[in-house]
file query.txt (compact mmCIF, C-alpha atoms)
# COMPACT_ATOMS: atom_id res chain seq x y z
CA MET A 121 0.00 0.00 0.00
CA ARG A 122 1.28 3.40 -0.91
CA ILE A 123 -1.25 5.18 1.27
CA LEU A 124 0.42 6.00 4.54
CA ILE A 125 -2.59 7.11 6.53
CA PRO A 126 -5.48 4.90 5.49
CA LEU A 127 -7.97 3.85 8.12
CA PHE A 128 -7.46 0.10 7.78
CA ALA A 129 -9.38 -1.19 4.81
CA TYR A 130 -9.89 -4.89 4.67
CA LEU A 131 -9.40 -6.78 1.46
CA PHE A 132 -12.79 -8.34 1.20
CA CYS A 133 -16.08 -8.87 2.98
CA SER A 134 -16.95 -12.52 2.58
CA HIS A 135 -20.05 -13.84 4.28
CA SER A 136 -20.59 -17.40 3.08
CA VAL A 137 -23.31 -19.75 4.18
CA ARG A 138 -22.73 -22.95 6.11
CA GLY A 139 -21.79 -26.07 4.20
CA PHE A 140 -21.22 -24.23 0.92
CA SER A 141 -20.03 -26.52 -1.87
CA PRO A 142 -20.82 -26.78 -5.57
CA LYS A 143 -21.49 -30.45 -4.96
CA ASN A 144 -23.92 -30.24 -2.07
CA ARG A 145 -25.77 -26.96 -2.65
CA ARG A 146 -28.52 -25.91 -4.93
CA PHE A 147 -27.67 -23.27 -7.48
CA ASN A 148 -29.87 -20.57 -5.96
CA LYS A 149 -31.05 -18.55 -8.91
CA ILE A 150 -32.96 -15.33 -8.58
CA THR A 151 -34.74 -13.64 -11.40
CA GLN A 152 -32.38 -11.61 -13.55
CA LEU A 153 -32.42 -7.84 -13.68
CA SER A 154 -33.68 -6.61 -17.04
CA VAL A 155 -33.11 -3.36 -18.87
CA SER A 156 -36.58 -3.43 -20.41
CA THR A 157 -39.19 -1.03 -19.11
CA SER A 158 -42.17 -3.28 -19.92
CA ALA A 159 -44.51 -4.21 -17.08
CA ASP A 160 -43.31 -7.82 -17.19
CA GLU A 161 -39.65 -6.85 -17.03
CA MET A 162 -40.28 -4.31 -14.27
CA THR A 163 -41.88 -7.13 -12.30
CA LYS A 164 -38.74 -9.22 -12.81
CA GLU A 165 -36.58 -6.35 -11.56
CA THR A 166 -38.71 -6.07 -8.45
CA GLN A 167 -38.52 -9.81 -7.84
CA PHE A 168 -34.75 -9.72 -8.25
CA ALA A 169 -34.39 -6.86 -5.78
CA ASP A 170 -36.81 -8.33 -3.25
CA LYS A 171 -35.21 -11.78 -3.37
CA THR A 172 -31.70 -10.39 -3.02
CA ARG A 173 -32.73 -8.14 -0.14
CA SER A 174 -34.44 -11.05 1.60
CA ASN A 175 -31.37 -13.26 1.24
CA VAL A 176 -29.05 -10.59 2.63
CA GLU A 177 -31.38 -9.77 5.52
CA GLU A 178 -31.74 -13.45 6.41
CA TYR A 179 -28.01 -14.00 6.41
CA TYR A 180 -26.99 -10.97 8.43
CA GLY A 181 -29.99 -11.14 10.75
CA LYS A 182 -30.08 -14.88 11.53
CA THR A 183 -27.27 -16.95 10.03
CA LEU A 184 -24.44 -14.86 11.47
CA GLN A 185 -24.44 -14.55 15.24
CA THR A 186 -20.86 -13.33 15.70
CA SER A 187 -17.96 -12.58 13.38
CA SER A 188 -16.59 -16.05 14.18
CA ASP A 189 -19.46 -17.49 12.12
CA LEU A 190 -17.88 -16.19 8.92
CA LYS A 191 -16.95 -19.25 6.91
CA THR A 192 -14.07 -18.02 4.75
CA ASN A 193 -10.73 -16.42 5.46
CA ALA A 194 -11.27 -13.65 2.89
CA CYS A 195 -11.69 -10.96 5.54
CA ILE A 196 -8.03 -10.15 6.02
CA THR A 197 -6.80 -6.81 7.25
CA ALA A 198 -4.52 -4.89 4.92
CA GLY A 199 -2.76 -3.23 7.82
CA ARG A 200 -2.93 -2.41 11.48
CA PRO A 201 -5.32 0.43 12.29
CA PRO A 202 -3.83 3.74 13.47
CA LYS A 203 -3.28 4.08 17.20
CA PHE A 204 -6.08 6.59 17.75
CA ILE A 205 -8.54 4.18 16.09
CA ARG A 206 -7.34 1.32 18.27
CA GLU A 207 -7.88 3.46 21.34
CA CYS A 208 -11.42 4.34 20.24
CA LEU A 209 -12.25 0.69 19.57
CA LYS A 210 -11.36 -0.17 23.15
CA ASN A 211 -14.41 1.84 24.20
CA VAL A 212 -16.84 -0.12 22.01
CA HIS A 213 -18.80 -2.85 23.78
CA PRO A 214 -17.49 -6.38 23.09
CA THR A 215 -20.88 -7.60 21.87
CA VAL A 216 -21.01 -4.86 19.27
CA MET A 217 -17.46 -5.68 18.22
CA ALA A 218 -18.30 -9.38 17.90
CA LYS A 219 -21.15 -8.63 15.51
CA TYR A 220 -19.02 -6.60 13.13
CA TYR A 221 -19.03 -8.04 9.59
CA GLY A 222 -17.65 -5.19 7.53
CA CYS A 223 -14.64 -4.96 5.23
CA GLY A 224 -12.95 -1.95 6.81
CA LEU A 225 -13.43 1.37 8.54
CA CYS A 226 -14.02 4.28 6.20
CA ILE A 227 -13.76 7.75 7.61
CA PRO A 228 -11.92 10.85 6.37
CA GLN A 229 -8.58 11.77 7.92
CA TYR A 230 -9.26 15.25 9.22
CA ASP A 231 -10.78 16.87 12.29
CA LEU A 232 -14.38 15.64 12.50
CA THR A 233 -15.30 17.54 15.66
CA GLY A 234 -18.89 18.76 15.44
CA CYS A 235 -19.65 16.88 12.20
CA ASN A 236 -22.87 15.07 11.35
CA ILE A 237 -22.07 11.60 9.99
CA LEU A 238 -24.38 9.02 8.41
CA ASP A 239 -23.37 5.34 8.36
CA LEU A 240 -25.17 3.34 5.67
CA GLY A 241 -25.55 -0.32 6.58
CA CYS A 242 -24.46 0.30 10.15
CA GLY A 243 -25.17 -3.21 11.40
CA ALA A 244 -24.71 -3.53 15.15
CA GLY A 245 -23.16 -0.06 15.29
CA ARG A 246 -19.41 -0.52 15.62
CA ASP A 247 -18.50 2.22 13.15
CA VAL A 248 -21.21 4.49 14.54
CA TYR A 249 -19.79 4.24 18.05
CA LEU A 250 -16.28 4.71 16.72
CA ALA A 251 -17.25 7.83 14.77
CA ALA A 252 -19.24 9.12 17.75
CA GLN A 253 -15.97 9.54 19.64
CA LEU A 254 -14.40 11.46 16.75
CA VAL A 255 -17.23 13.98 16.29
CA GLY A 256 -17.56 14.69 20.01
CA ALA A 257 -20.49 15.94 22.05
CA ASN A 258 -21.45 18.60 19.51
CA GLY A 259 -21.50 16.16 16.59
CA ARG A 260 -23.97 13.45 15.68
CA VAL A 261 -23.72 10.01 14.11
CA VAL A 262 -26.73 8.27 12.57
CA GLY A 263 -26.83 4.63 11.52
CA VAL A 264 -29.26 3.08 9.03
CA ASP A 265 -29.71 -0.65 8.51
CA MET A 266 -32.45 -2.94 7.23
CA THR A 267 -31.87 -5.77 9.73
CA ASP A 268 -33.87 -5.67 12.96
CA ALA A 269 -31.58 -8.12 14.74
CA GLN A 270 -28.55 -5.92 14.10
CA LEU A 271 -30.36 -2.71 15.07
CA ASP A 272 -31.58 -4.29 18.30
CA VAL A 273 -27.97 -4.83 19.34
CA ALA A 274 -26.95 -1.32 18.33
CA ARG A 275 -29.77 0.27 20.34
CA GLU A 276 -29.28 -2.00 23.34
CA TYR A 277 -25.85 -0.51 23.97
CA GLN A 278 -26.59 3.15 23.32
CA ASP A 279 -26.74 3.97 27.03
CA TYR A 280 -23.57 1.99 27.67
CA HIS A 281 -21.66 4.06 25.13
CA ALA A 282 -23.23 7.34 26.25
CA GLU A 283 -21.91 6.67 29.74
CA LYS A 284 -18.53 5.60 28.35
CA PHE A 285 -18.15 8.73 26.19
CA GLY A 286 -19.80 11.18 28.58
CA TYR A 287 -22.47 12.19 26.02
CA LYS A 288 -25.13 10.65 23.79
CA ASN A 289 -24.85 11.57 20.13
CA THR A 290 -26.04 8.49 18.22
CA ALA A 291 -29.29 7.38 16.59
CA PHE A 292 -30.29 4.25 14.68
CA TYR A 293 -33.07 3.89 12.12
CA LYS A 294 -34.39 1.03 10.06
CA GLY A 295 -34.35 1.62 6.32
CA TYR A 296 -33.29 0.36 2.92
CA LEU A 297 -30.39 2.09 1.25
CA GLU A 298 -32.23 2.15 -2.07
CA SER A 299 -35.10 4.03 -0.36
CA LEU A 300 -33.40 6.43 2.05
CA SER A 301 -36.05 9.09 1.36
CA ASP A 302 -38.46 6.86 3.30
CA VAL A 303 -36.41 7.39 6.46
CA LYS A 304 -38.04 10.65 7.47
CA GLU A 305 -35.48 11.44 10.14
CA LEU A 306 -32.82 11.97 7.45
CA GLU A 307 -32.89 15.59 6.33
CA LYS A 308 -31.57 16.56 2.92
CA GLY A 309 -28.35 18.55 3.00
CA SER A 310 -27.71 17.76 6.67
CA PHE A 311 -24.63 15.49 6.68
CA ASP A 312 -20.97 16.46 6.47
CA VAL A 313 -19.84 12.91 5.79
CA ILE A 314 -21.56 9.68 4.73
CA ILE A 315 -19.67 6.45 5.35
CA SER A 316 -20.42 2.90 4.25
CA ASN A 317 -18.55 -0.30 4.86
CA CYS A 318 -18.89 -2.87 2.07
CA VAL A 319 -22.68 -2.55 1.96
CA ILE A 320 -23.55 -0.65 -1.23
CA ASN A 321 -22.17 -3.72 -2.99
CA LEU A 322 -25.14 -5.69 -1.64
CA CYS A 323 -27.71 -3.26 -3.07
CA THR A 324 -29.31 -4.03 -6.43
CA ASP A 325 -30.05 -0.36 -7.25
CA LYS A 326 -26.74 1.36 -6.62
CA GLU A 327 -27.77 4.43 -8.60
CA ALA A 328 -30.60 5.10 -6.15
CA VAL A 329 -28.16 4.84 -3.25
CA LEU A 330 -25.66 7.30 -4.75
CA LYS A 331 -28.39 9.79 -5.69
CA SER A 332 -29.73 9.74 -2.14
CA CYS A 333 -26.23 10.29 -0.77
CA PHE A 334 -25.83 13.35 -2.97
CA GLU A 335 -29.11 14.76 -1.68
CA LEU A 336 -28.29 14.10 1.97
CA LEU A 337 -24.81 15.66 1.92
CA LYS A 338 -24.11 19.28 2.71
CA PRO A 339 -22.32 21.30 0.00
CA GLY A 340 -18.63 20.41 0.35
CA GLY A 341 -19.48 17.17 2.14
CA GLU A 342 -18.36 13.76 1.00
CA LEU A 343 -19.26 10.11 0.67
CA TYR A 344 -16.29 8.12 1.97
CA PHE A 345 -16.76 4.39 1.59
CA SER A 346 -15.19 1.03 0.84
CA ASP A 347 -16.57 -1.71 -1.38
CA VAL A 348 -15.65 -4.50 -3.79
CA TYR A 349 -15.18 -3.86 -7.53
CA SER A 350 -14.29 -5.97 -10.54
CA ASN A 351 -12.04 -5.58 -13.59
CA ARG A 352 -14.95 -6.42 -15.90
CA ARG A 353 -18.72 -6.70 -15.70
CA VAL A 354 -19.88 -9.65 -13.62
CA PRO A 355 -21.79 -12.01 -15.95
CA GLN A 356 -25.47 -12.65 -15.41
CA VAL A 357 -24.98 -16.32 -14.52
CA LEU A 358 -23.02 -15.22 -11.44
CA ARG A 359 -25.31 -12.30 -10.66
CA GLU A 360 -28.21 -14.75 -10.44
CA ASP A 361 -26.57 -16.73 -7.65
CA SER A 362 -27.68 -15.59 -4.21
CA VAL A 363 -24.74 -17.17 -2.38
CA LEU A 364 -22.21 -15.35 -4.53
CA TRP A 365 -24.16 -12.15 -3.98
CA GLY A 366 -23.71 -12.63 -0.25
CA GLU A 367 -20.03 -13.29 -0.91
CA CYS A 368 -19.76 -9.70 -2.28
CA ILE A 369 -18.91 -11.12 -5.71
CA SER A 370 -22.14 -10.99 -7.69
CA GLY A 371 -22.89 -7.43 -6.61
CA ALA A 372 -19.44 -6.06 -7.44
CA LEU A 373 -19.56 -3.20 -9.93
CA TYR A 374 -17.16 -3.05 -12.85
CA TRP A 375 -14.88 -0.19 -11.80
CA ASN A 376 -15.51 1.94 -14.90
CA ASP A 377 -19.28 1.51 -14.58
CA PHE A 378 -18.99 2.68 -10.98
CA GLU A 379 -17.02 5.80 -11.87
CA ASN A 380 -19.47 6.68 -14.65
CA LEU A 381 -22.40 6.05 -12.32
CA ALA A 382 -20.89 8.30 -9.66
CA LYS A 383 -20.55 11.09 -12.22
CA LYS A 384 -24.15 10.60 -13.32
CA CYS A 385 -25.30 10.95 -9.70
CA GLY A 386 -23.57 14.30 -9.17
CA PHE A 387 -20.02 13.31 -8.20
CA PRO A 388 -17.97 14.34 -11.27
CA ASP A 389 -14.51 13.33 -10.02
CA PRO A 390 -14.46 10.12 -7.90
CA ARG A 391 -11.19 9.79 -6.00
CA LEU A 392 -9.64 6.43 -5.19
CA VAL A 393 -8.04 6.49 -1.74
CA GLU A 394 -6.65 2.98 -1.50
CA ASP A 395 -7.15 -0.47 -2.97
CA ALA A 396 -5.97 -4.06 -2.76
CA PRO A 397 -6.60 -7.16 -4.86
CA VAL A 398 -9.12 -9.62 -3.47
CA THR A 399 -7.98 -13.23 -3.45
CA ILE A 400 -10.82 -15.70 -3.26
CA LYS A 401 -9.28 -18.14 -0.81
CA ASN A 402 -12.37 -20.28 -0.48
CA LYS A 403 -11.75 -23.19 -2.84
CA ASP A 404 -15.43 -23.88 -3.47
CA VAL A 405 -16.20 -20.27 -4.38
CA GLN A 406 -13.20 -20.07 -6.70
CA GLU A 407 -14.15 -23.37 -8.31
CA LEU A 408 -17.69 -22.17 -8.95
CA VAL A 409 -16.49 -18.98 -10.64
CA GLU A 410 -13.97 -20.82 -12.79
CA ASN A 411 -16.38 -23.62 -13.73
CA GLN A 412 -18.72 -21.00 -15.14
CA GLY A 413 -15.91 -19.90 -17.46
CA HIS A 414 -15.09 -16.63 -15.73
CA GLY A 415 -11.63 -17.24 -14.27
CA GLY A 416 -10.46 -13.93 -15.75
CA LEU A 417 -12.61 -11.98 -13.31
CA GLU A 418 -10.56 -9.99 -10.81
CA PHE A 419 -11.95 -8.37 -7.68
CA TYR A 420 -10.60 -5.46 -5.66
CA SER A 421 -11.36 -3.92 -2.33
CA ALA A 422 -11.29 -0.15 -2.83
CA THR A 423 -11.99 2.97 -0.81
CA TYR A 424 -13.37 5.99 -2.65
CA ARG A 425 -14.27 9.52 -1.66
CA LEU A 426 -16.93 11.41 -3.60
CA PHE A 427 -17.23 15.14 -2.96
CA LYS A 428 -20.48 17.06 -3.30
CA MET A 429 -19.47 20.36 -4.85
CA ASP A 430 -20.96 23.00 -7.09
CA GLU A 431 -20.94 21.65 -10.63
CA THR A 432 -18.90 24.66 -11.76
CA LEU A 433 -15.99 23.69 -9.47
CA LEU A 434 -15.21 20.22 -10.81
CA GLU A 435 -14.52 19.45 -14.46
CA PRO A 436 -14.90 16.08 -16.23
CA ALA A 437 -11.12 15.74 -16.56
CA CYS A 438 -8.09 16.94 -14.62
CA GLU A 439 -7.16 20.25 -16.23
CA ASP A 440 -3.89 22.10 -15.66
CA TYR A 441 -4.01 25.76 -14.61
CA GLY A 442 -0.50 25.96 -13.21
CA GLN A 443 -1.77 25.76 -9.65
CA ALA A 444 -0.16 24.30 -6.55
CA VAL A 445 -0.90 23.77 -2.88
CA ILE A 446 1.24 23.66 0.26
CA TYR A 447 0.15 21.50 3.19
CA LYS A 448 0.73 23.21 6.53
CA GLY A 449 0.96 20.00 8.58
CA THR A 450 -1.86 21.09 10.86
CA ILE A 451 -4.41 18.30 10.45
CA PRO A 452 -4.53 16.28 13.69
CA ARG A 453 -2.41 13.13 13.61
CA ALA A 454 -0.98 14.12 10.20
CA ALA A 455 1.84 16.52 10.98
CA THR A 456 4.24 15.10 8.39
CA LYS A 457 1.91 14.33 5.47
CA TRP A 458 -1.76 14.05 4.63
CA THR A 459 -3.51 11.86 2.08
CA LEU A 460 -6.29 13.21 -0.11
CA ASP A 461 -6.34 10.17 -2.38
CA LYS A 462 -4.06 7.59 -3.91
CA GLY A 463 -2.46 10.14 -6.23
CA HIS A 464 -2.08 12.92 -3.66
CA VAL A 465 -0.06 12.47 -0.51
CA PHE A 466 0.87 16.00 0.52
CA GLU A 467 4.10 16.45 2.47
CA GLN A 468 4.19 19.26 4.98
CA GLY A 469 5.77 22.43 3.57
CA LYS A 470 6.29 21.10 0.05
CA VAL A 471 4.87 22.80 -3.05
CA HIS A 472 2.66 20.25 -4.84
CA PRO A 473 1.46 21.03 -8.39
CA VAL A 474 -2.21 20.01 -8.71
CA CYS A 475 -4.99 20.03 -11.28
CA GLY A 476 -7.92 22.40 -11.01
CA ASN A 477 -10.19 19.77 -9.49
CA THR A 478 -7.77 18.89 -6.70
CA TYR A 479 -7.20 22.58 -6.05
CA ASN A 480 -10.95 23.12 -5.62
CA MET A 481 -11.50 19.96 -3.55
CA CYS A 482 -9.05 21.27 -1.00
CA LYS A 483 -10.08 24.92 -1.18
CA HIS A 484 -13.84 24.45 -0.96
CA ASN A 485 -14.03 21.88 1.83
CA PRO A 486 -14.22 23.77 5.15
CA LYS A 487 -12.51 20.92 7.00
CA ILE A 488 -9.56 20.84 4.60
CA ALA A 489 -9.02 24.41 3.36
CA PRO A 490 -7.59 25.92 6.59
CA HIS A 491 -4.70 23.46 6.44
CA PHE A 492 -3.42 24.50 3.00
CA GLU A 493 -1.88 27.45 1.22
CA PHE A 494 -3.15 27.91 -2.32
CA ILE A 495 -1.00 29.12 -5.19
CA GLY A 496 -2.38 30.34 -8.51
CA ASP A 497 -5.82 30.82 -10.02
CA PHE A 498 -7.80 29.79 -13.10
CA SER A 499 -6.73 32.63 -15.38
CA THR A 500 -4.49 30.51 -17.66
CA HIS A 501 -5.21 27.01 -18.96
CA TYR A 502 -2.30 24.73 -19.88
CA GLY A 503 -4.27 21.73 -21.15
CA ILE A 504 -4.89 18.36 -19.57
CA PHE A 505 -2.91 17.65 -16.42
CA GLU A 506 -0.02 15.44 -17.42
CA GLY A 507 -0.51 11.75 -16.81
CA CYS A 508 -4.25 11.85 -16.16
CA GLY A 509 -5.34 8.54 -17.69
CA GLY A 510 -8.27 6.17 -17.75
CA GLY A 511 -6.97 2.62 -17.25
CA LEU A 512 -7.64 0.17 -14.43
CA PRO A 513 -6.91 2.25 -11.32
CA TYR A 514 -6.15 -0.63 -8.97
CA GLU A 515 -2.97 -2.49 -8.16
CA ARG A 516 -2.51 -6.14 -9.11
CA ASN A 517 -0.66 -8.06 -6.40
CA GLY A 518 1.17 -4.95 -5.27
CA ALA A 519 2.20 -3.81 -8.76
CA SER A 520 0.73 -0.55 -9.98
CA VAL A 521 -1.17 -0.57 -13.25
CA ASP A 522 0.54 2.06 -15.44
CA LYS A 523 -2.11 4.41 -16.72
CA SER A 524 0.05 7.07 -18.25
CA GLY A 525 3.08 5.59 -19.96
CA GLY A 526 5.31 6.58 -17.06
CA ALA A 527 4.07 10.14 -16.52
CA ALA A 528 3.15 11.27 -13.02
CA SER A 529 -0.60 10.91 -12.73
CA CYS A 530 -2.82 13.43 -11.03
CA CYS A 531 -5.54 11.07 -9.89
call {"tool": "encode", "arguments": {"input": "query.txt", "output": "structure tokens"}}
result
Amino acid sequence: MRILIPLFAYLFCSHSVRGFSPKNRRFNKITQLSVSTSADEMTKETQFADKTRSNVEEYYGKTLQTSSDLKTNACITAGRPPKFIRECLKNVHPTVMAKYYGCGLCIPQYDLTGCNILDLGCGAGRDVYLAAQLVGANGRVVGVDMTDAQLDVAREYQDYHAEKFGYKNTAFYKGYLESLSDVKELEKGSFDVIISNCVINLCTDKEAVLKSCFELLKPGGELYFSDVYSNRRVPQVLREDSVLWGECISGALYWNDFENLAKKCGFPDPRLVEDAPVTIKNKDVQELVENQGHGGLEFYSATYRLFKMDETLLEPACEDYGQAVIYKGTIPRAATKWTLDKGHVFEQGKVHPVCGNTYNMCKHNPKIAPHFEFIGDFSTHYGIFEGCGGGLPYERNGASVDKSGGAASCC
């Protein structure tokens, strides 16, 4: 990993069912998602979504009782969490910790004091209670999940954590990520940060989720989340399998489809923070994928940040205006350097040339701007920022995929 200050992303969230084997299981097909808008095809879409949702809710609500029930070794940490995160986790109740099934903690690396944070797919509340300590008494953290059993645990320990922290600043609501507008307690434009931990992958209508996130964020706010992506579109024969959907394989978006979808939903410049290849270490799962003729599929755990900004501030490509920024070294716990994304690790005191989009991301986020000096303006355009390419953005087995023929890439 080249990112020096990531908040421990895990490689993969694998949640297999008991006794899984191609030889002793039924091939659990669910009706395929169609692009047709006819009444019949719309019915099939609804059946697909309902069946998938039911399978996921059943698994997380009943099959898994603790994290020890996970049946594969695919959930492997990419690195030890930072010390301040480890200290915060010590304050989270052991029962909540035991019911954590995510693939990493996703939260921006800057001062979150006083922020309002929304956790999508919060489960039993581990990340909510972790973030609650970072935002402090004047901040608020809200968790949304569709599983009653998980929410019951999260709510049961609210008083415990309020006493532990010295304040109560959490709330939990039941809801579906594809229908966040139905959760009336969520006000549009009210959240500084939205986090999600390998959950959007499990949603059939990812566009609806991203659009809702855009509506719920404040101007300058961001969606900061981890999930699983693929190097090509997952074929329908795998998408129809409910077990593989639960394994975070069938629901993985092709990376380029994700980036285009993010742009469509109002986030014109998705930024990759960190990534790692996913190795399917469960022999039965790997055998199933390969037996279907799709051994060339590659999966990656990746953390992205999507900023909600005025459409006039972010361009479709990284354009060069001769600008630069200087990091002051004043963000807490990042005195030496601070990471915006995979292509931008800013050393304290160094002049870093940046594209116009990066310049504006730093300048127009109230949590980031005070920690930078800004050089230049938009008066002169020098063309595309050198090295800004469009190839696979992830690393294969630790080797970077060269997107630019050797030029230094902006993003």
call {"tool": "closest_atom_pairs", "arguments": {"input": "query.txt", "of": "segment 262-350 of chain A", "to": "segment 372-392 of chain A", "cutoff": "12 Å", "atoms": "all atoms listed in the file", "output": "JSON lines"}}
result
{"residue": "A:Cys318", "atom": "CA", "partner": "A:Ala372", "partner_atom": "CA", "distance": 10.0}
{"residue": "A:Val319", "atom": "CA", "partner": "A:Ala372", "partner_atom": "CA", "distance": 10.5}
{"residue": "A:Ile320", "atom": "CA", "partner": "A:Ala372", "partner_atom": "CA", "distance": 9.2}
{"residue": "A:Asn321", "atom": "CA", "partner": "A:Ala372", "partner_atom": "CA", "distance": 5.7}
{"residue": "A:Leu322", "atom": "CA", "partner": "A:Ala372", "partner_atom": "CA", "distance": 8.1}
{"residue": "A:Cys323", "atom": "CA", "partner": "A:Ala372", "partner_atom": "CA", "distance": 9.8}
{"residue": "A:Thr324", "atom": "CA", "partner": "A:Ala372", "partner_atom": "CA", "distance": 10.1}
{"residue": "A:Asp325", "atom": "CA", "partner": "A:Leu373", "partner_atom": "CA", "distance": 11.2}
{"residue": "A:Lys326", "atom": "CA", "partner": "A:Leu381", "partner_atom": "CA", "distance": 8.6}
{"residue": "A:Glu327", "atom": "CA", "partner": "A:Leu381", "partner_atom": "CA", "distance": 6.7}
{"residue": "A:Ala328", "atom": "CA", "partner": "A:Cys385", "partner_atom": "CA", "distance": 8.7}
{"residue": "A:Val329", "atom": "CA", "partner": "A:Cys385", "partner_atom": "CA", "distance": 9.3}
{"residue": "A:Leu330", "atom": "CA", "partner": "A:Cys385", "partner_atom": "CA", "distance": 6.2}
{"residue": "A:Lys331", "atom": "CA", "partner": "A:Cys385", "partner_atom": "CA", "distance": 5.2}
{"residue": "A:Ser332", "atom": "CA", "partner": "A:Cys385", "partner_atom": "CA", "distance": 8.8}
{"residue": "A:Cys333", "atom": "CA", "partner": "A:Cys385", "partner_atom": "CA", "distance": 9.0}
{"residue": "A:Phe334", "atom": "CA", "partner": "A:Gly386", "partner_atom": "CA", "distance": 6.7}
{"residue": "A:Glu335", "atom": "CA", "partner": "A:Gly386", "partner_atom": "CA", "distance": 9.3}
{"residue": "A:Leu337", "atom": "CA", "partner": "A:Gly386", "partner_atom": "CA", "distance": 11.2}
{"residue": "A:Pro339", "atom": "CA", "partner": "A:Gly386", "partner_atom": "CA", "distance": 11.6}
{"residue": "A:Gly340", "atom": "CA", "partner": "A:Phe387", "partner_atom": "CA", "distance": 11.2}
{"residue": "A:Gly341", "atom": "CA", "partner": "A:Phe387", "partner_atom": "CA", "distance": 11.1}
{"residue": "A:Glu342", "atom": "CA", "partner": "A:Phe387", "partner_atom": "CA", "distance": 9.4}
{"residue": "A:Leu343", "atom": "CA", "partner": "A:Phe387", "partner_atom": "CA", "distance": 9.5}
{"residue": "A:Tyr344", "atom": "CA", "partner": "A:Arg391", "partner_atom": "CA", "distance": 9.6}
{"residue": "A:Phe345", "atom": "CA", "partner": "A:Leu392", "partner_atom": "CA", "distance": 10.0}
{"residue": "A:Ser346", "atom": "CA", "partner": "A:Leu392", "partner_atom": "CA", "distance": 9.8}
{"residue": "A:Asp347", "atom": "CA", "partner": "A:Ala372", "partner_atom": "CA", "distance": 8.0}
{"residue": "A:Val348", "atom": "CA", "partner": "A:Ala372", "partner_atom": "CA", "distance": 5.5}
{"residue": "A:Tyr349", "atom": "CA", "partner": "A:Ala372", "partner_atom": "CA", "distance": 4.8}
{"residue": "A:Ser350", "atom": "CA", "partner": "A:Tyr374", "partner_atom": "CA", "distance": 4.7}
call {"tool": "residues_around", "arguments": {"input": "query.txt", "residues": "Phe505 of chain A", "least_positions_apart": "5", "cutoff": "9 Å", "atoms": "only C-alpha atoms", "output": "JSON, numbers by chain"}}
result
{"A": [437, 438, 439, 440, 441, 474, 475, 476, 529, 530]}
call {"tool": "atom_distance", "arguments": {"input": "query.txt", "atom1": "atom CA of Asn317 of chain A", "atom2": "atom CA of Leu232 of chain A"}}
result
18.2 Å
call {"tool": "closest_residue", "arguments": {"input": "query.txt", "among": "A:Pro490, A:Gly416, A:Gly463, A:Gly295", "to": "Thr478 of chain A", "atoms": "only C-alpha atoms"}}
result
A:Gly463
call {"tool": "closest_residue", "arguments": {"input": "query.txt", "among": "A:Trp458, A:Tyr230, A:Tyr287, A:Val398", "to": "Ala257 of chain A", "atoms": "only C-alpha atoms"}}
result
A:Tyr287
call {"tool": "atom_distance", "arguments": {"input": "query.txt", "atom1": "atom CA of Cys208 of chain A", "atom2": "atom CA of Met266 of chain A"}}
result
25.8 Å
